[in-house]
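Peer 1: Quick one: the structure is below, questions incoming.
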Amino acid sequence: MKKLNVVFCGTPDFSVPALELLANHPSINLHAVITMPDRPAGRGHKLQSPPVAEFAKQHKIKLIQTENINREPDSIAELEKAEIDFFVVLAFAQFLGSKILQLPKLGCFNIHTSLLPKYRGAAPIQYALLNGDEMTGVSIQKMVKQMDAGDLVKEHPVTISPDETGGQLYTRLKFQAALTLNDLITDILNGTVSYKVQDEAHVSFAPTLKKEDGLINFETESAKVIFDKVRALKPWPGTYTYINSKRVKVIDVSKESYKVSPGSIQVIENKLVLGTAEGCLRLLSLQFEGKKACSDRDYLNGLQGDLNLTLTKDHL
């Protein structure tokens, strides 16, 4: 049986399991990989290839690195001649123009880590946790010009653990993305792909997060909101507050039953307890700028009895 001719578009480590599946699938000919250019990284600012590019080089797969594939006429012309069956797009960081969307016989399929139409955009994993959702998943949609708005061809729900962090869910979903892609390939081979129009009445968005989104306001936010924010934004962009006008990274918190007024700190049973708009939290693990991360008890022991602690809105 003739193999399906496929192009993969992706960039970070999140994309690699799906790429590896395509590279090893017996019914797929991986014609090319398209990814972002090398970037300076590390202290020496040496050029470093994206993980997807590294995989392609190691496995001798045709590699196209570009800031914008839509502006690469030579590459587009070559792909047109190659008679591509479909594109797979996962965490690519580029939009595909009409010419490329219409290039493959079956279209371009984007893998998205939410149950669309919920959380269209760049940060669906974090927003599911920020909102305290109990369920998320992987969706594959046939791409159109509008972001994440194409017809759904595959969905796989994933239950979220109550204490799960952004990093943990990221890892689970990057492997689930590959498994769901495998299911789509099976449907394509069997001629059983079905298309479901997204319900625009239930659309929500998950825009790109910024570092300042990690600021915690213990006076106005509830314990549950803060707990979900800490786990959602771990490891990136992280959460922080200010104690005695010094910026503190909030690494781990736990819910407590003490009575502490909103926006204040108390030391109770050698625990650092912070009052919120509703309920209170223990600051289990923290890190001041320029210092090593530590537990609340190690931090309190280091104060040597000077327990005059105040939550401030920012630095002085």
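So you can find residues: chains in the structure tokens are A, B, ... in the order shown, residues in each start at 1, and ligands are numbered from 1 in order.
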Might you pull out every residue within 7 Å of segment 260-269 of chain A, with only C-alpha atoms counted and same-chain residues fewer than 2 positions away left off, and present them as a PDB file with N, CA, C and O atoms, in the first residue's frame?
Peer 2:
```pdb
ATOM      1  N   PHE A 218      -3.009  38.425  47.622  1.00  0.00           N
ATOM      2  CA  PHE A 218      -3.625  37.665  48.704  1.00  0.00           C
ATOM      3  C   PHE A 218      -4.817  38.394  49.316  1.00  0.00           C
ATOM      4  O   PHE A 218      -5.639  37.784  50.000  1.00  0.00           O
ATOM      5  N   GLU A 219      -4.936  39.680  49.049  1.00  0.00           N
ATOM      6  CA  GLU A 219      -6.032  40.462  49.612  1.00  0.00           C
ATOM      7  C   GLU A 219      -7.324  40.289  48.822  1.00  0.00           C
ATOM      8  O   GLU A 219      -8.414  40.278  49.390  1.00  0.00           O
ATOM      9  N   TYR A 258      -6.661  27.612  59.246  1.00  0.00           N
ATOM     10  CA  TYR A 258      -6.482  28.687  60.226  1.00  0.00           C
ATOM     11  C   TYR A 258      -7.297  29.921  59.823  1.00  0.00           C
ATOM     12  O   TYR A 258      -7.730  30.044  58.676  1.00  0.00           O
ATOM     13  N   LYS A 271       4.763  27.557  60.828  1.00  0.00           N
ATOM     14  CA  LYS A 271       4.349  27.564  59.432  1.00  0.00           C
ATOM     15  C   LYS A 271       4.105  29.004  58.996  1.00  0.00           C
ATOM     16  O   LYS A 271       3.625  29.826  59.785  1.00  0.00           O
ATOM     17  N   LEU A 272       4.416  29.291  57.751  1.00  0.00           N
ATOM     18  CA  LEU A 272       4.182  30.613  57.187  1.00  0.00           C
ATOM     19  C   LEU A 272       2.796  30.604  56.543  1.00  0.00           C
ATOM     20  O   LEU A 272       2.598  30.018  55.482  1.00  0.00           O
ATOM     21  N   VAL A 273       1.817  31.213  57.226  1.00  0.00           N
ATOM     22  CA  VAL A 273       0.415  31.148  56.809  1.00  0.00           C
ATOM     23  C   VAL A 273      -0.027  32.521  56.302  1.00  0.00           C
ATOM     24  O   VAL A 273       0.184  33.539  56.969  1.00  0.00           O
ATOM     25  N   LEU A 274      -0.645  32.527  55.129  1.00  0.00           N
ATOM     26  CA  LEU A 274      -1.059  33.774  54.494  1.00  0.00           C
ATOM     27  C   LEU A 274      -2.571  33.801  54.340  1.00  0.00           C
ATOM     28  O   LEU A 274      -3.179  32.840  53.844  1.00  0.00           O
ATOM     29  N   GLY A 275      -3.170  34.917  54.769  1.00  0.00           N
ATOM     30  CA  GLY A 275      -4.609  35.075  54.621  1.00  0.00           C
ATOM     31  C   GLY A 275      -4.971  35.526  53.213  1.00  0.00           C
ATOM     32  O   GLY A 275      -4.247  36.302  52.596  1.00  0.00           O
ATOM     33  N   THR A 276      -6.076  35.028  52.714  1.00  0.00           N
ATOM     34  CA  THR A 276      -6.550  35.394  51.385  1.00  0.00           C
ATOM     35  C   THR A 276      -7.953  35.989  51.498  1.00  0.00           C
ATOM     36  O   THR A 276      -8.519  36.083  52.587  1.00  0.00           O
ATOM     37  N   ALA A 277      -8.529  36.366  50.366  1.00  0.00           N
ATOM     38  CA  ALA A 277      -9.883  36.916  50.371  1.00  0.00           C
ATOM     39  C   ALA A 277     -10.893  35.919  50.905  1.00  0.00           C
ATOM     40  O   ALA A 277     -11.927  36.299  51.457  1.00  0.00           O
ATOM     41  N   CYS A 280      -7.215  30.500  53.841  1.00  0.00           N
ATOM     42  CA  CYS A 280      -5.795  30.828  53.971  1.00  0.00           C
ATOM     43  C   CYS A 280      -4.941  29.693  53.419  1.00  0.00           C
ATOM     44  O   CYS A 280      -5.406  28.572  53.220  1.00  0.00           O
ATOM     45  N   LEU A 309       6.765  40.333  59.585  1.00  0.00           N
ATOM     46  CA  LEU A 309       6.585  40.060  58.162  1.00  0.00           C
ATOM     47  C   LEU A 309       5.307  40.707  57.651  1.00  0.00           C
ATOM     48  O   LEU A 309       4.253  40.625  58.291  1.00  0.00           O
ATOM     49  N   THR A 310       5.399  41.333  56.485  1.00  0.00           N
ATOM     50  CA  THR A 310       4.246  42.011  55.887  1.00  0.00           C
ATOM     51  C   THR A 310       4.190  41.724  54.400  1.00  0.00           C
ATOM     52  O   THR A 310       5.214  41.785  53.704  1.00  0.00           O
ATOM     53  N   LEU A 311       2.996  41.393  53.910  1.00  0.00           N
ATOM     54  CA  LEU A 311       2.796  41.283  52.464  1.00  0.00           C
ATOM     55  C   LEU A 311       2.657  42.683  51.886  1.00  0.00           C
ATOM     56  O   LEU A 311       1.869  43.493  52.381  1.00  0.00           O
TER      57      LEU A 311
END
```
Peer 1: I want to know what sits within 12 Å of Gln146 of chain A, based on only C-alpha atoms, with residues of the same chain fewer than 4 positions away left out; could you give that as JSON, numbers by chain?
Peer 2: {"A": [95, 96, 97, 98, 101, 120, 121, 141, 142, 150, 151]}
Peer 1: Expressed in Å to a single decimal, how great is the separation between atom CA of Ile100 of chain A and atom CA of Thr66 of chain A?
Peer 2: 14.4 Å
Peer 1: Which residue is closest to Arg297 of chain A? Choose from A:Lys196, A:Arg282, A:Lys57, A:Lys224 and count only C-alpha atoms.
Peer 2: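 Among A:Lys196, A:Arg282, A:Lys57, A:Lys224, it is A:Arg282 that comes nearest to Arg297 of chain A.
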Peer 1: Among the residues of segment 74-267 of chain A, find those DSSP assigns to alpha helix (DSSP H) from the backbone and print them as a ChimeraX atom specification.
Peer 2: /A:74-81,98-101,124-130,166-190,223-232
Peer 1: Output C-alpha atoms of each residue in that selection to a file, as a short mmCIF file (atom, residue, chain, number, x, y, z; two decimals), in the first residue's frame.
Peer 2:
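Here's the written file part-v2.cif:
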```cif
data_model
loop_
_atom_site.label_atom_id
_atom_site.label_comp_id
_atom_site.auth_asym_id
_atom_site.auth_seq_id
_atom_site.Cartn_x
_atom_site.Cartn_y
_atom_site.Cartn_z
CA ASP A 74 11.10 27.95 -3.25
CA SER A 75 10.12 25.66 -0.38
CA ILE A 76 6.42 26.03 -1.18
CA ALA A 77 7.07 25.20 -4.84
CA GLU A 78 8.98 22.04 -3.84
CA LEU A 79 6.16 20.97 -1.50
CA GLU A 80 3.59 21.50 -4.26
CA LYS A 81 5.53 19.14 -6.52
CA SER A 98 -4.16 30.21 2.47
CA LYS A 99 -1.69 28.91 -0.09
CA ILE A 100 -0.20 26.40 2.32
CA LEU A 101 -3.55 25.45 3.86
CA PRO A 124 -4.77 26.09 26.94
CA ILE A 125 -2.96 23.87 29.45
CA GLN A 126 -2.44 26.70 31.94
CA TYR A 127 -5.95 28.12 31.55
CA ALA A 128 -7.57 24.75 32.26
CA LEU A 129 -5.70 24.68 35.58
CA LEU A 130 -6.20 28.38 36.33
CA GLY A 166 1.20 22.91 34.50
CA GLY A 167 4.43 21.01 33.97
CA GLN A 168 2.86 17.66 34.81
CA LEU A 169 -0.14 18.20 32.55
CA TYR A 170 2.17 19.45 29.78
CA THR A 171 4.08 16.16 29.89
CA ARG A 172 0.96 13.99 29.85
CA LEU A 173 -0.62 15.92 26.99
CA LYS A 174 2.45 15.91 24.77
CA PHE A 175 2.31 12.10 24.73
CA GLN A 176 -1.47 12.05 24.41
CA ALA A 177 -1.11 14.34 21.39
CA ALA A 178 0.96 11.66 19.65
CA LEU A 179 -1.55 8.92 20.54
CA THR A 180 -4.48 10.98 19.26
CA LEU A 181 -2.57 11.68 16.05
CA ASN A 182 -2.09 7.94 15.65
CA ASP A 183 -5.88 7.49 15.92
CA LEU A 184 -6.39 10.12 13.20
CA ILE A 185 -3.91 8.36 10.90
CA THR A 186 -5.87 5.13 11.39
CA ASP A 187 -9.08 6.94 10.40
CA ILE A 188 -7.40 8.41 7.32
CA LEU A 189 -6.10 5.01 6.23
CA ASN A 190 -9.55 3.45 6.75
CA ALA A 223 -7.27 30.49 48.54
CA LYS A 224 -8.66 28.30 45.76
CA VAL A 225 -7.87 30.83 43.03
CA ILE A 226 -4.32 31.23 44.34
CA PHE A 227 -3.82 27.47 44.76
CA ASP A 228 -4.90 26.92 41.16
CA LYS A 229 -2.72 29.80 39.94
CA VAL A 230 0.39 28.40 41.65
CA ARG A 231 -0.04 24.95 40.12
CA ALA A 232 -1.12 26.27 36.70
#
```
Peer 1: Between atom CA of Ile251 of chain A and atom CA of Ser295 of chain A, what is the distance in Å, rounded to a tenth?
Peer 2: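 We find that atom CA of Ile251 of chain A and atom CA of Ser295 of chain A lie 9.5 Å from each other.
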